[in-house]
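See below for data-v3.txt, which holds compact mmCIF, C-alpha atoms.
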```
# COMPACT_ATOMS: atom_id res chain seq x y z
CA MET A 5 156.21 7.60 44.52
CA ALA A 6 159.19 8.03 42.22
CA ALA A 7 157.85 11.40 41.12
CA THR A 8 157.57 12.56 44.72
CA ILE A 9 161.12 11.43 45.51
CA ARG A 10 162.44 13.30 42.51
CA ALA A 11 160.46 16.42 43.34
CA VAL A 12 161.66 16.30 46.94
CA GLY A 13 165.26 15.75 45.93
CA ARG A 14 165.44 18.65 43.50
CA SER A 15 167.91 21.21 44.82
CA SER A 16 167.80 25.00 44.57
CA ARG A 17 170.35 27.07 42.74
CA ILE A 18 172.56 28.60 45.44
CA PRO A 19 174.54 25.93 47.29
CA LEU A 20 173.98 25.83 51.04
CA PRO A 21 177.64 26.24 52.16
CA ALA A 22 177.92 29.42 50.06
CA LEU A 23 174.75 30.79 51.64
CA ALA A 24 176.05 29.98 55.11
CA ALA A 25 179.33 31.76 54.36
CA VAL A 26 177.52 34.84 53.00
CA SER A 27 175.28 35.08 56.04
CA LEU A 28 178.29 34.71 58.36
CA VAL A 29 180.09 37.56 56.59
CA LEU A 30 176.98 39.75 56.56
CA ILE A 31 176.15 39.17 60.23
CA THR A 32 179.75 39.93 61.21
CA THR A 33 179.72 43.12 59.14
CA ALA A 34 176.41 44.13 60.67
CA LEU A 35 177.76 43.54 64.20
CA VAL A 36 180.86 45.61 63.49
CA LEU A 37 178.78 48.43 62.01
CA VAL A 38 176.26 48.37 64.87
CA PHE A 39 178.83 48.41 67.67
CA TYR A 40 181.74 50.40 66.22
CA VAL A 41 180.56 52.59 63.35
CA ALA A 42 176.95 53.72 63.92
CA PRO A 43 176.75 56.91 66.03
CA ASN A 44 175.23 56.96 69.52
CA ASP A 45 171.61 58.08 69.72
CA ALA A 46 171.22 61.56 71.18
CA ASN A 47 168.40 60.58 73.56
CA GLN A 48 168.85 56.92 74.33
CA GLY A 49 172.60 56.58 73.96
CA PHE A 50 174.20 53.18 73.53
CA SER A 51 171.06 51.15 74.20
CA GLN A 52 169.38 52.48 71.05
CA ARG A 53 171.67 50.18 69.04
CA ILE A 54 169.30 47.29 69.75
CA PHE A 55 167.05 49.03 67.21
CA TYR A 56 169.21 47.67 64.36
CA PHE A 57 168.51 44.11 65.47
CA HIS A 58 164.96 44.53 66.70
CA VAL A 59 163.58 46.20 63.59
CA SER A 60 165.46 44.05 61.09
CA ILE A 61 164.41 40.87 62.91
CA ALA A 62 160.80 42.06 62.95
CA PHE A 63 160.88 42.77 59.24
CA THR A 64 162.42 39.34 58.62
CA ALA A 65 159.71 37.64 60.66
CA TYR A 66 157.05 39.39 58.57
CA ALA A 67 158.86 38.31 55.42
CA CYS A 68 158.85 34.70 56.66
CA PHE A 69 155.12 34.79 57.45
CA ILE A 70 154.32 36.32 54.08
CA ALA A 71 156.54 33.78 52.31
CA GLY A 72 154.75 31.03 54.24
CA ALA A 73 151.39 32.36 53.09
CA TRP A 74 152.66 32.59 49.53
CA GLN A 75 153.75 28.95 49.60
CA ALA A 76 150.40 28.05 51.16
CA PHE A 77 148.68 29.82 48.31
CA ARG A 78 150.82 27.89 45.82
CA HIS A 79 149.87 24.66 47.54
CA LEU A 80 146.16 25.41 47.26
CA TRP A 81 146.29 26.90 43.80
CA LYS A 82 148.95 24.95 41.87
CA ARG A 83 148.96 21.80 44.02
CA ASP A 84 152.75 21.98 44.11
CA PRO A 85 153.83 18.90 46.12
CA ARG A 86 156.75 20.78 47.72
CA ALA A 87 154.80 23.87 48.74
CA ASP A 88 153.29 22.44 51.92
CA LEU A 89 156.64 21.67 53.51
CA GLN A 90 158.09 24.98 52.30
CA SER A 91 155.16 26.86 53.80
CA TYR A 92 155.60 25.07 57.12
CA VAL A 93 159.33 25.78 57.25
CA CYS A 94 158.71 29.46 56.45
CA VAL A 95 156.20 29.78 59.27
CA HIS A 96 158.57 27.94 61.60
CA GLN A 97 161.38 30.39 60.81
CA GLY A 98 158.92 33.24 61.22
CA LEU A 99 158.02 32.00 64.69
CA ILE A 100 161.71 31.74 65.67
CA PHE A 101 162.34 35.30 64.50
CA GLY A 102 159.07 36.35 66.13
CA THR A 103 160.34 35.05 69.47
CA LEU A 104 163.47 37.16 68.99
CA VAL A 105 161.31 40.21 68.22
CA LEU A 106 159.45 39.80 71.50
CA LEU A 107 162.72 39.28 73.39
CA THR A 108 164.57 42.23 71.88
CA GLY A 109 161.48 44.42 72.18
CA SER A 110 161.16 43.47 75.81
CA ILE A 111 164.81 44.30 76.50
CA TRP A 112 164.44 47.64 74.74
CA ALA A 113 161.29 48.43 76.72
CA LYS A 114 163.09 47.60 79.97
CA ILE A 115 165.96 49.93 79.15
CA SER A 116 163.80 52.76 77.77
CA TRP A 117 160.84 52.71 80.16
CA GLY A 118 162.02 50.49 83.00
CA ARG A 119 159.41 47.80 82.34
CA TRP A 120 159.70 44.48 80.56
CA TRP A 121 156.40 44.90 78.75
CA VAL A 122 154.62 48.01 77.49
CA TRP A 123 151.20 47.86 75.86
CA SER A 124 151.77 51.21 74.20
CA GLU A 125 154.09 49.79 71.53
CA ASP A 126 151.84 48.78 68.61
CA GLU A 127 154.45 46.64 66.95
CA LEU A 128 155.10 44.58 70.05
CA VAL A 129 151.40 44.01 70.75
CA LEU A 130 150.86 43.02 67.13
CA PHE A 131 153.68 40.55 67.40
CA LEU A 132 152.20 39.06 70.53
CA VAL A 133 148.90 38.50 68.70
CA LEU A 134 150.68 37.05 65.67
CA TYR A 135 152.80 34.91 67.95
CA LEU A 136 149.69 33.40 69.53
CA PHE A 137 148.17 32.95 66.09
CA TYR A 138 151.19 31.10 64.69
CA CYS A 139 151.60 29.01 67.83
CA ALA A 140 148.03 27.86 67.17
CA TYR A 141 149.18 27.02 63.61
CA PHE A 142 151.62 24.52 65.11
CA MET A 143 148.98 23.11 67.44
CA LEU A 144 146.73 22.61 64.42
CA ARG A 145 149.42 21.05 62.30
CA PHE A 146 150.62 18.64 64.96
CA SER A 147 147.08 17.62 65.77
CA LEU A 148 146.54 16.21 62.28
CA GLU A 149 147.90 13.11 60.57
CA PRO A 150 150.36 13.86 57.74
CA GLY A 151 148.53 13.91 54.44
CA PRO A 152 146.53 16.10 52.08
CA GLN A 153 144.11 17.21 54.80
CA ARG A 154 146.91 18.47 57.04
CA ALA A 155 148.47 20.28 54.10
CA ASN A 156 145.17 21.93 53.18
CA LEU A 157 144.22 23.04 56.70
CA SER A 158 147.71 24.37 57.43
CA ALA A 159 147.70 26.27 54.15
CA VAL A 160 144.30 27.85 54.79
CA TYR A 161 145.32 28.87 58.30
CA ALA A 162 148.63 30.33 57.07
CA LEU A 163 146.66 32.38 54.53
CA PHE A 164 144.44 33.71 57.33
CA GLY A 165 147.66 34.98 58.93
CA VAL A 166 148.43 37.48 56.19
CA VAL A 167 144.87 38.79 56.32
CA LEU A 168 145.16 39.06 60.10
CA ILE A 169 148.39 41.13 60.06
CA PRO A 170 146.93 44.39 58.63
CA VAL A 171 143.55 43.91 60.32
CA SER A 172 145.16 43.38 63.73
CA PHE A 173 147.45 46.33 63.21
CA ALA A 174 144.47 48.56 62.45
CA ALA A 175 142.65 47.12 65.46
CA ILE A 176 145.55 47.81 67.82
CA ARG A 177 145.78 51.38 66.53
CA LEU A 178 142.03 51.81 67.05
CA ALA A 179 142.17 50.26 70.53
CA LYS A 180 144.77 52.79 71.61
CA GLU A 181 142.26 55.57 71.23
CA PHE A 182 140.12 54.26 74.02
CA LEU A 183 142.81 52.52 76.05
CA HIS A 184 145.83 54.84 75.91
CA PRO A 185 145.06 58.34 74.71
CA ARG A 186 148.72 59.25 75.20
CA VAL A 187 150.92 58.15 72.32
CA PHE A 188 154.58 57.40 72.83
CA THR A 189 156.91 58.45 70.11
CA LEU A 190 160.15 56.59 70.37
CA HIS A 191 162.52 58.93 68.62
CA GLY A 192 162.51 61.11 65.57
CA PRO A 193 165.44 59.53 63.83
CA ASN A 194 167.46 61.43 61.31
CA PHE A 195 167.50 58.40 59.11
CA GLY A 196 170.63 59.01 57.11
CA GLY A 197 174.37 58.44 56.90
CA TRP A 198 175.79 55.56 58.93
CA ILE A 199 172.48 54.89 60.65
CA LEU A 200 170.86 54.09 57.33
CA VAL A 201 173.84 52.07 56.10
CA THR A 202 174.02 50.07 59.35
CA TYR A 203 170.30 49.42 59.31
CA CYS A 204 170.35 48.26 55.68
CA VAL A 205 173.29 45.92 56.25
CA ALA A 206 171.67 44.50 59.40
CA GLN A 207 168.42 44.04 57.50
CA VAL A 208 170.03 42.23 54.58
CA ALA A 209 172.08 40.12 57.01
CA MET A 210 168.94 39.02 58.87
CA LEU A 211 167.08 38.21 55.66
CA VAL A 212 169.99 36.15 54.33
CA LEU A 213 170.35 34.42 57.70
CA ALA A 214 166.65 33.58 57.69
CA TYR A 215 166.89 32.24 54.16
CA THR A 216 169.92 30.13 55.09
CA LEU A 217 168.15 28.71 58.14
CA TYR A 218 165.09 28.05 55.96
CA ARG A 219 167.21 26.13 53.48
CA VAL A 220 168.94 24.14 56.21
CA GLU A 221 165.66 23.16 57.84
CA LEU A 222 164.07 22.37 54.49
CA ALA A 223 167.01 20.18 53.47
CA GLY A 224 166.74 18.27 56.75
CA LYS A 225 162.99 17.84 56.49
CA ARG A 226 163.25 16.66 52.88
CA LEU A 227 165.93 14.18 53.82
CA ASP A 228 163.66 12.81 56.55
CA GLU A 229 160.81 12.52 54.09
CA ARG A 230 162.94 10.79 51.51
CA LEU A 231 164.34 8.36 54.06
CA ARG A 232 160.82 7.50 55.17
CA GLU A 233 159.71 6.87 51.60
CA LEU A 234 162.75 4.71 50.89
CA LYS A 235 162.11 2.70 54.05
CA GLU A 236 158.53 2.15 52.92
CA VAL A 237 159.71 1.05 49.50
CA PHE A 238 162.21 -1.45 50.88
CA ALA A 239 160.15 -2.62 53.84
CA MET B 25 118.95 30.61 43.47
CA THR B 26 119.78 26.92 43.94
CA TYR B 27 122.62 28.08 46.19
CA ALA B 28 120.21 29.96 48.45
CA ARG B 29 117.92 26.94 48.53
CA ASP B 30 120.81 24.65 49.50
CA VAL B 31 121.87 27.01 52.26
CA ALA B 32 118.32 27.30 53.56
CA ALA B 33 117.86 23.53 53.58
CA LEU B 34 121.13 22.95 55.42
CA ALA B 35 120.47 25.69 57.97
CA ARG B 36 116.95 24.39 58.51
CA LYS B 37 118.37 20.95 59.27
CA ASP B 38 120.60 22.38 62.02
CA LEU B 39 117.81 24.47 63.53
CA LEU B 40 115.46 21.49 63.48
CA LEU B 41 118.06 19.29 65.17
CA GLU B 42 118.51 21.91 67.88
CA LEU B 43 114.77 22.32 68.29
CA ARG B 44 114.40 18.60 68.91
CA ALA B 45 117.52 17.86 70.93
CA ARG B 46 117.89 21.23 72.72
CA ASP B 47 121.60 20.70 73.29
CA THR B 48 123.27 24.00 72.59
CA LEU B 49 121.00 26.95 73.22
CA PRO B 50 120.04 26.26 76.87
CA ALA B 51 123.72 25.68 77.63
CA MET B 52 124.67 29.02 76.06
CA VAL B 53 121.98 30.96 77.95
CA LEU B 54 122.84 29.34 81.25
CA PHE B 55 126.54 29.91 80.65
CA VAL B 56 126.19 33.62 79.93
CA ALA B 57 124.00 34.12 83.01
CA ALA B 58 126.54 32.28 85.17
CA VAL B 59 129.35 34.39 83.74
CA PHE B 60 127.50 37.59 84.70
CA VAL B 61 127.19 36.33 88.26
CA VAL B 62 130.91 35.58 88.30
CA PHE B 63 131.55 39.12 87.01
CA HIS B 64 129.69 40.59 89.94
CA PHE B 65 132.16 38.95 92.28
CA VAL B 66 135.33 39.83 90.37
CA LEU B 67 134.44 43.49 89.79
CA PRO B 68 134.83 46.23 92.37
CA ALA B 69 131.66 47.53 94.04
CA ALA B 70 129.73 49.82 91.64
CA PRO B 71 131.85 49.05 88.57
CA SER B 72 132.20 51.69 85.88
CA ARG B 73 130.56 51.34 82.50
CA LEU B 74 133.93 50.85 80.82
CA GLU B 75 134.76 47.89 83.05
CA THR B 76 131.44 46.10 82.64
CA THR B 77 131.36 46.72 78.88
CA GLY B 78 134.70 44.98 78.48
CA LEU B 79 133.42 42.05 80.47
CA LEU B 80 130.17 41.93 78.49
CA TRP B 81 132.25 41.32 75.38
CA VAL B 82 134.29 38.65 77.11
CA ALA B 83 131.02 36.96 78.03
CA ILE B 84 129.67 37.19 74.48
CA LEU B 85 132.90 35.82 73.02
CA PHE B 86 133.04 32.83 75.33
CA THR B 87 129.34 32.12 74.93
CA ALA B 88 129.87 32.14 71.18
CA LEU B 89 132.81 29.76 71.61
CA LEU B 90 130.52 27.39 73.47
CA GLY B 91 128.10 27.34 70.54
CA LEU B 92 130.85 27.20 67.91
CA GLY B 93 132.45 24.23 69.61
CA ARG B 94 129.18 22.34 69.23
CA ALA B 95 128.53 23.39 65.62
CA PHE B 96 130.14 20.43 63.87
CA VAL B 97 129.66 17.88 66.65
CA PRO B 98 126.46 16.37 65.12
CA GLU B 99 128.31 15.94 61.82
CA ARG B 100 131.12 14.14 63.60
CA GLU B 101 128.90 11.96 65.78
CA GLN B 102 126.53 10.95 63.01
CA ARG B 103 129.34 10.87 60.40
CA THR B 104 127.31 13.07 58.07
CA MET B 105 130.19 15.28 56.91
CA ASP B 106 131.12 12.93 54.05
CA GLY B 107 127.51 12.95 52.90
CA LEU B 108 127.39 16.75 52.96
CA VAL B 109 130.64 17.03 51.03
CA LEU B 110 129.41 14.56 48.43
CA ALA B 111 126.06 16.32 48.04
CA PRO B 112 125.65 18.09 44.69
CA CYS B 113 125.92 21.59 46.11
CA ASP B 114 128.68 24.17 46.45
CA ARG B 115 130.79 23.31 49.51
CA SER B 116 130.75 26.88 50.75
CA ALA B 117 127.00 26.42 51.25
CA ILE B 118 127.83 24.05 54.13
CA TRP B 119 129.84 26.78 55.83
CA LEU B 120 127.26 29.47 55.17
CA ALA B 121 124.37 27.36 56.47
CA LYS B 122 126.31 26.35 59.57
CA SER B 123 127.27 29.98 60.21
CA LEU B 124 123.65 31.06 59.92
CA ALA B 125 122.49 28.36 62.32
CA THR B 126 125.21 29.29 64.84
CA LEU B 127 124.29 32.94 64.38
CA ALA B 128 120.69 32.10 65.21
CA PHE B 129 121.74 30.35 68.43
CA LEU B 130 124.07 33.16 69.43
CA ALA B 131 121.44 35.81 68.71
CA ALA B 132 118.87 33.87 70.74
CA ALA B 133 121.32 33.65 73.65
CA GLU B 134 121.97 37.38 73.40
CA VAL B 135 118.27 38.18 73.45
CA VAL B 136 118.43 36.88 77.01
CA ALA B 137 121.96 38.04 77.81
CA LEU B 138 121.69 41.73 76.88
CA PRO B 139 118.59 42.53 79.02
CA LEU B 140 120.21 40.52 81.82
CA TYR B 141 123.34 42.65 81.51
CA ALA B 142 121.22 45.81 81.58
CA LEU B 143 119.44 44.52 84.68
CA PHE B 144 122.65 43.57 86.53
CA PHE B 145 125.05 46.30 85.44
CA HIS B 146 124.45 49.22 83.08
CA ARG B 147 121.92 50.03 80.41
CA ILE B 148 122.79 49.34 76.80
CA GLY B 149 122.88 51.93 74.02
CA GLY B 150 121.91 51.59 70.39
CA ALA B 151 125.54 51.52 69.25
CA THR B 152 126.19 48.49 71.45
CA VAL B 153 123.24 46.62 69.94
CA LEU B 154 124.49 47.44 66.46
CA ALA B 155 127.98 46.33 67.45
CA VAL B 156 126.53 43.05 68.78
CA VAL B 157 124.87 42.41 65.42
CA LEU B 158 128.02 43.18 63.42
CA ALA B 159 130.33 41.31 65.79
CA ASP B 160 128.05 38.26 65.75
CA LEU B 161 128.37 38.07 61.98
CA GLY B 162 132.16 38.07 62.13
CA ILE B 163 132.34 35.73 65.12
CA CYS B 164 130.03 33.17 63.51
CA ALA B 165 131.64 33.36 60.06
CA VAL B 166 135.21 32.90 61.30
CA GLY B 167 134.30 30.66 64.25
CA THR B 168 132.29 28.20 62.16
CA PHE B 169 135.10 28.02 59.65
CA LEU B 170 137.65 27.26 62.37
CA GLY B 171 135.20 24.88 64.03
CA ALA B 172 135.17 22.82 60.83
CA MET B 173 138.96 22.75 60.97
CA ALA B 174 139.18 21.89 64.65
CA VAL B 175 136.65 19.07 64.49
CA VAL B 176 138.85 16.93 62.23
CA THR B 177 141.93 17.23 64.46
CA ARG B 178 142.89 14.96 67.32
CA ALA B 179 142.66 17.80 69.83
CA ARG B 180 139.12 18.76 68.69
CA ASP B 181 137.38 21.08 71.20
CA LEU B 182 140.69 22.00 72.75
CA LEU B 183 141.94 23.58 69.55
CA LEU B 184 139.05 25.87 68.63
CA PRO B 185 139.66 28.60 71.25
CA LEU B 186 143.37 28.62 70.39
CA LEU B 187 142.66 29.06 66.70
CA PHE B 188 139.80 31.48 67.24
CA LEU B 189 140.90 34.00 69.88
CA PRO B 190 143.82 35.61 67.98
CA LEU B 191 141.54 35.99 64.95
CA ALA B 192 138.71 37.38 67.07
CA LEU B 193 140.86 40.11 68.59
CA PRO B 194 139.93 42.74 65.96
CA VAL B 195 136.25 41.98 66.63
CA VAL B 196 136.76 42.61 70.33
CA VAL B 197 138.49 45.91 69.63
CA GLY B 198 135.78 47.08 67.25
CA ALA B 199 133.01 45.93 69.56
CA VAL B 200 134.37 47.46 72.76
CA GLY B 201 135.22 50.64 70.87
CA SER B 202 131.67 50.89 69.52
CA SER B 203 130.24 50.41 72.99
CA VAL B 204 132.36 52.96 74.84
CA ALA B 205 133.44 55.60 72.30
CA SER B 206 131.50 58.81 71.99
CA ALA B 207 131.64 58.56 68.18
CA PRO B 208 131.23 54.83 67.44
CA GLY B 209 131.05 55.22 63.65
CA ARG B 210 134.65 54.26 62.95
CA TYR B 211 134.49 51.19 65.15
CA LEU B 212 131.26 50.01 63.58
CA GLY B 213 132.80 50.55 60.16
CA PHE B 214 135.81 48.53 61.24
CA LEU B 215 133.55 45.68 62.37
CA ALA B 216 131.70 45.75 59.04
CA LEU B 217 135.02 45.69 57.20
CA TYR B 218 136.17 42.71 59.26
CA ASP B 219 132.92 40.86 58.50
CA LEU B 220 133.25 41.53 54.81
CA LEU B 221 136.93 40.66 54.57
CA PHE B 222 136.86 37.47 56.59
CA GLY B 223 133.48 36.49 55.18
CA VAL B 224 134.92 36.50 51.69
CA VAL B 225 138.09 34.67 52.77
CA CYS B 226 136.10 31.97 54.58
CA TRP B 227 133.62 31.61 51.75
CA ALA B 228 136.39 31.23 49.17
CA SER B 229 138.56 28.78 51.11
CA PHE B 230 136.03 26.50 52.84
CA GLU B 231 136.29 24.11 49.91
CA TYR B 232 139.86 23.26 50.97
CA VAL B 233 138.86 22.57 54.57
CA VAL B 234 136.38 19.80 53.77
CA ALA B 235 137.75 18.41 50.50
CA GLU B 236 140.99 16.50 50.16
```

How would this structure read if it were set down as structure tokens?
Amino acid sequence: MAATIRAVGRSSRIPLPALAAVSLVLITTALVLVFYVAPNDANQGFSQRIFYFHVSIAFTAYACFIAGAWQAFRHLWKRDPRADLQSYVCVHQGLIFGTLVLLTGSIWAKISWGRWWVWSEDELVLFLVLYLFYCAYFMLRFSLEPGPQRANLSAVYALFGVVLIPVSFAAIRLAKEFLHPRVFTLHGPNFGGWILVTYCVAQVAMLVLAYTLYRVELAGKRLDERLRELKEVFA
Amino acid sequence: MTYARDVAALARKDLLLELRARDTLPAMVLFVAAVFVVFHFVLPAAPSRLETTGLLWVAILFTALLGLGRAFVPEREQRTMDGLVLAPCDRSAIWLAKSLATLAFLAAAEVVALPLYALFFHRIGGATVLAVVLADLGICAVGTFLGAMAVVTRARDLLLPLLFLPLALPVVVGAVGSSVASAPGRYLGFLALYDLLFGVVCWASFEYVVAE
């Protein structure tokens, strides 16, 4: 018990307020760059600016899912007592960013093609599949009593997720050949200058934001856990 | 060699149980026939081959789900899972044996379902039969694995389709592609790759599903 409390209470290196401040600065910089500095797209005009958010959020969501799988792997392999909670929080953040991917993608589709959903966008369809998959992760997790079994099953399912990402992507590409012979190409971006700088800043901002949110949620969850253990000790 | 013997003994147990109780297989056959009748009423008159092929795969997937949902029910009802886990054999043998038994049920249901489909809708080509074989392997491997997970949760039968369908999506794509494409080689290859990949993942991680 004492060992668990100590392991749970161990803090990471970067303090949380500093992380929050950095993500605030980065997000503000990204917003300024996106709206005032990056040039208008030749074809899509102003609306193309959603690209900076949509793509960086999507990449962040992938990073969260992969980090979740990595923590799941550490739980199964090293039996690290903190890895289960870390894996769960990663997947939770991934699902939040995944929701934003679907929302921003939907808005972009509405502006570009006049419809809220298009099946021709591989990335969006893949996210929908992953979204369903990770929603099922939560159903699974909340349908089990807390304990080693829940940790194991969640970890195994989270690991399935990273196998599913490339396989699903290949499947969606393959499906297009018999469902939609016509392939949309969004734009051939000249990926340089301010566009590249803006994208990179937005990407880093999103990753730092995700990490900050991860740390905040993890701190809260650990506090809950610790409080519960203390209550048990003094009950 | 002992591993193969363990798997055979465990699979034989499931087949024997089914042979005596006849719980699952008649239900699967009846279900798939009923689904075909429902299809007739939801499809337009004289449906195209593309439309009915898609629905054939929906029928196969849901029939498989019916069998997969039952796979670990005897273990739960008779409380035999602890005994199996404690048995001196590799735990992955439990998964493999259960997958083989489920595969046998699904294949038996399809022996009825595919001629029925040909009778009601369109004839079936060799590529489709091959796709059925490859898809069954993947469906049973992944489905049995998830069935073992779902059976220990509070939600039980409710959870299996939710866990299974996103993972089965690549199978559906490969299977429908094999059935309708003029050159089905790539789709069949994709199905085989899926079977191999997820087979290995399930085999390697089943230990963690049953052991604490």

**OP:** Compute the chain A side of the contact with chain B at 7 Å, counting all atoms listed in the file, and hand it back as a list in words.
**Re:**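 Matching residues, ligands excluded from the count: Val133, Leu136, Phe137, Ala140, Ser147, Leu148, Pro152, Gln153, Asn156, Leu157, Val160, Leu168, Val171, Ser172, Ala175, Ala179 and Phe182 of chain A.
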
Exercise for review: Have a look at CA of Ile115 (chain A) and CA of Ser51 (chain A) and let me know their distance in Å, one decimal.
Suggested key: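 Here the two named atoms are 7.2 Å from each other.
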
Report, in Å with one decimal, the straight-line distance from CA of Thr103 (chain A) to CA of Phe131 (chain A).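 Here the two named atoms are 8.9 Å from each other.
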
Q. Between CA of Ala125 (chain B) and CA of Leu39 (chain B), what is the spacing in Å?
A.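 These atoms are spaced 6.2 Å apart.
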
key: Which of B:Leu67, B:Ala199, B:Leu41, B:Val62 sits closest to Asp160 (chain B) [using all atoms listed in the file]   =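 Distance minimum relative to Asp160 (chain B) lands on B:Ala199.
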
Shortest contact to Thr168 (chain B), candidates B:Leu92, B:Val224, B:Leu130, B:Ile118, atoms counted only C-alpha atoms, goes to B:Leu92

Test item: residues at most 8 Å from Thr108 (chain A), all atoms listed in the file, excluding those fewer than 6 positions along its chain, as an mmCIF file with C-alpha atoms, in the frame of the given file:
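That gives us out_30.cif:
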```cif
data_model
loop_
_atom_site.group_PDB
_atom_site.id
_atom_site.type_symbol
_atom_site.label_atom_id
_atom_site.label_comp_id
_atom_site.auth_asym_id
_atom_site.auth_seq_id
_atom_site.Cartn_x
_atom_site.Cartn_y
_atom_site.Cartn_z
ATOM 1 C CA ILE A 54 169.300 47.290 69.750
ATOM 2 C CA PHE A 57 168.510 44.110 65.470
ATOM 3 C CA HIS A 58 164.960 44.530 66.700
#
```

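Remark: for Leu220 (chain B), the closest of the candidate residues B:Leu158, B:Val175, B:Ala45, B:Leu34 is B:Leu158 (distances computed over only C-alpha atoms).
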
- Return the single residue from B:Ala131, B:Val157, B:Leu143, B:Cys164 that is closest to Val53 (chain B), with distances computed using all atoms listed in the file.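 Closest residue, counting all atoms listed in the file: B:Ala131.
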
Enclosing box along x, y and z for every listed atom of region 139-149 of chain A, padded 8 Å each side, centre and size in Å, one decimal, as JSON:
```
{"center_x": 149.1, "center_y": 21.1, "center_z": 64.2, "size_x": 21.1, "size_y": 31.9, "size_z": 23.3}
```

**Asked** Quick one: residues within 10 Å of Ala133 (chain B), all atoms listed in the file counted, chain neighbours fewer than 6 positions away excluded, as JSON, numbers by chain?
**Response** {"B": [48, 49, 50, 51, 52, 53, 54, 55, 56, 57, 84, 87, 88, 91, 127]}

For a quick check of your reading of the model, name the residues lying within 10 Å of the coordinate (159.0, 32.5, 64.2), counting only C-alpha atoms, and write them as a list in words.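 Output of the proximity query reads Ala62, Thr64, Ala65, Tyr66, Cys68, Phe69, Val93, Cys94, Val95, His96, Gln97, Gly98, Leu99, Ile100, Phe101, Gly102, Thr103, Leu104, Val105, Leu134, Tyr135, Tyr138 and Cys139 of chain A.
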
Extract, using only C-alpha atoms, all DNA, RNA and protein residues at most 9 Å from Gln90 (chain A), discarding same-chain residues fewer than 2 positions from it, and format them as a JSON list (two decimals) with C-alpha atoms, in the frame of the given file.
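So out18.json came out as:
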```
[["chain", "number", "residue", "atom", "x", "y", "z"],
["A", 71, "ALA", "CA", 156.54, 33.78, 52.31],
["A", 72, "GLY", "CA", 154.75, 31.03, 54.24],
["A", 75, "GLN", "CA", 153.75, 28.95, 49.60],
["A", 76, "ALA", "CA", 150.40, 28.05, 51.16],
["A", 86, "ARG", "CA", 156.75, 20.78, 47.72],
["A", 87, "ALA", "CA", 154.80, 23.87, 48.74],
["A", 88, "ASP", "CA", 153.29, 22.44, 51.92],
["A", 92, "TYR", "CA", 155.60, 25.07, 57.12],
["A", 93, "VAL", "CA", 159.33, 25.78, 57.25],
["A", 94, "CYS", "CA", 158.71, 29.46, 56.45],
["A", 95, "VAL", "CA", 156.20, 29.78, 59.27],
["A", 218, "TYR", "CA", 165.09, 28.05, 55.96],
["A", 222, "LEU", "CA", 164.07, 22.37, 54.49]]
```

Exercise for review: Excluding Phe173 (chain A) and residues on its chain fewer than 4 positions from it, collect all residues at most 8 Å away from it, counting only C-alpha atoms, and give them as a PyMOL selection string.
Suggested key: chain A and resi 126-127+130+169+177

**8 Å contact set for region 39-42 of chain A, only C-alpha atoms, chain neighbours under 2 positions out, as a VMD selection string** = chain A and resid 35 to 37 44 53 198 to 199 202

Once you have the residues from the selection above, write them out as a compact mmCIF listing (two decimals), keeping the file's coordinate frame, restricted to C-alpha atoms.
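What ended up in selection.txt:
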```txt
# COMPACT_ATOMS: atom_id res chain seq x y z
CA LEU A 35 177.76 43.54 64.20
CA VAL A 36 180.86 45.61 63.49
CA LEU A 37 178.78 48.43 62.01
CA ASN A 44 175.23 56.96 69.52
CA ARG A 53 171.67 50.18 69.04
CA TRP A 198 175.79 55.56 58.93
CA ILE A 199 172.48 54.89 60.65
CA THR A 202 174.02 50.07 59.35
```

Reconstruct N, CA and C atoms of region 103-110 of chain B; output as a PDB file, in the coordinates of the input.
```pdb
ATOM      1  N   ARG B 103     128.514  11.087  61.610  1.00  0.00           N
ATOM      2  CA  ARG B 103     129.340  10.870  60.400  1.00  0.00           C
ATOM      3  C   ARG B 103     128.609  11.353  59.143  1.00  0.00           C
ATOM      4  N   THR B 104     128.061  12.555  59.221  1.00  0.00           N
ATOM      5  CA  THR B 104     127.310  13.070  58.070  1.00  0.00           C
ATOM      6  C   THR B 104     128.151  13.992  57.188  1.00  0.00           C
ATOM      7  N   MET B 105     129.387  14.316  57.660  1.00  0.00           N
ATOM      8  CA  MET B 105     130.190  15.280  56.910  1.00  0.00           C
ATOM      9  C   MET B 105     130.487  14.780  55.492  1.00  0.00           C
ATOM     10  N   ASP B 106     130.821  13.481  55.381  1.00  0.00           N
ATOM     11  CA  ASP B 106     131.120  12.930  54.050  1.00  0.00           C
ATOM     12  C   ASP B 106     129.912  13.080  53.129  1.00  0.00           C
ATOM     13  N   GLY B 107     128.732  12.817  53.687  1.00  0.00           N
ATOM     14  CA  GLY B 107     127.510  12.950  52.900  1.00  0.00           C
ATOM     15  C   GLY B 107     127.313  14.381  52.427  1.00  0.00           C
ATOM     16  N   LEU B 108     127.561  15.339  53.336  1.00  0.00           N
ATOM     17  CA  LEU B 108     127.390  16.750  52.960  1.00  0.00           C
ATOM     18  C   LEU B 108     128.375  17.142  51.871  1.00  0.00           C
ATOM     19  N   VAL B 109     129.627  16.662  52.019  1.00  0.00           N
ATOM     20  CA  VAL B 109     130.640  17.030  51.030  1.00  0.00           C
ATOM     21  C   VAL B 109     130.314  16.429  49.670  1.00  0.00           C
ATOM     22  N   LEU B 110     129.736  15.216  49.699  1.00  0.00           N
ATOM     23  CA  LEU B 110     129.410  14.560  48.430  1.00  0.00           C
ATOM     24  C   LEU B 110     128.133  15.102  47.794  1.00  0.00           C
TER      25      LEU B 110
END
```
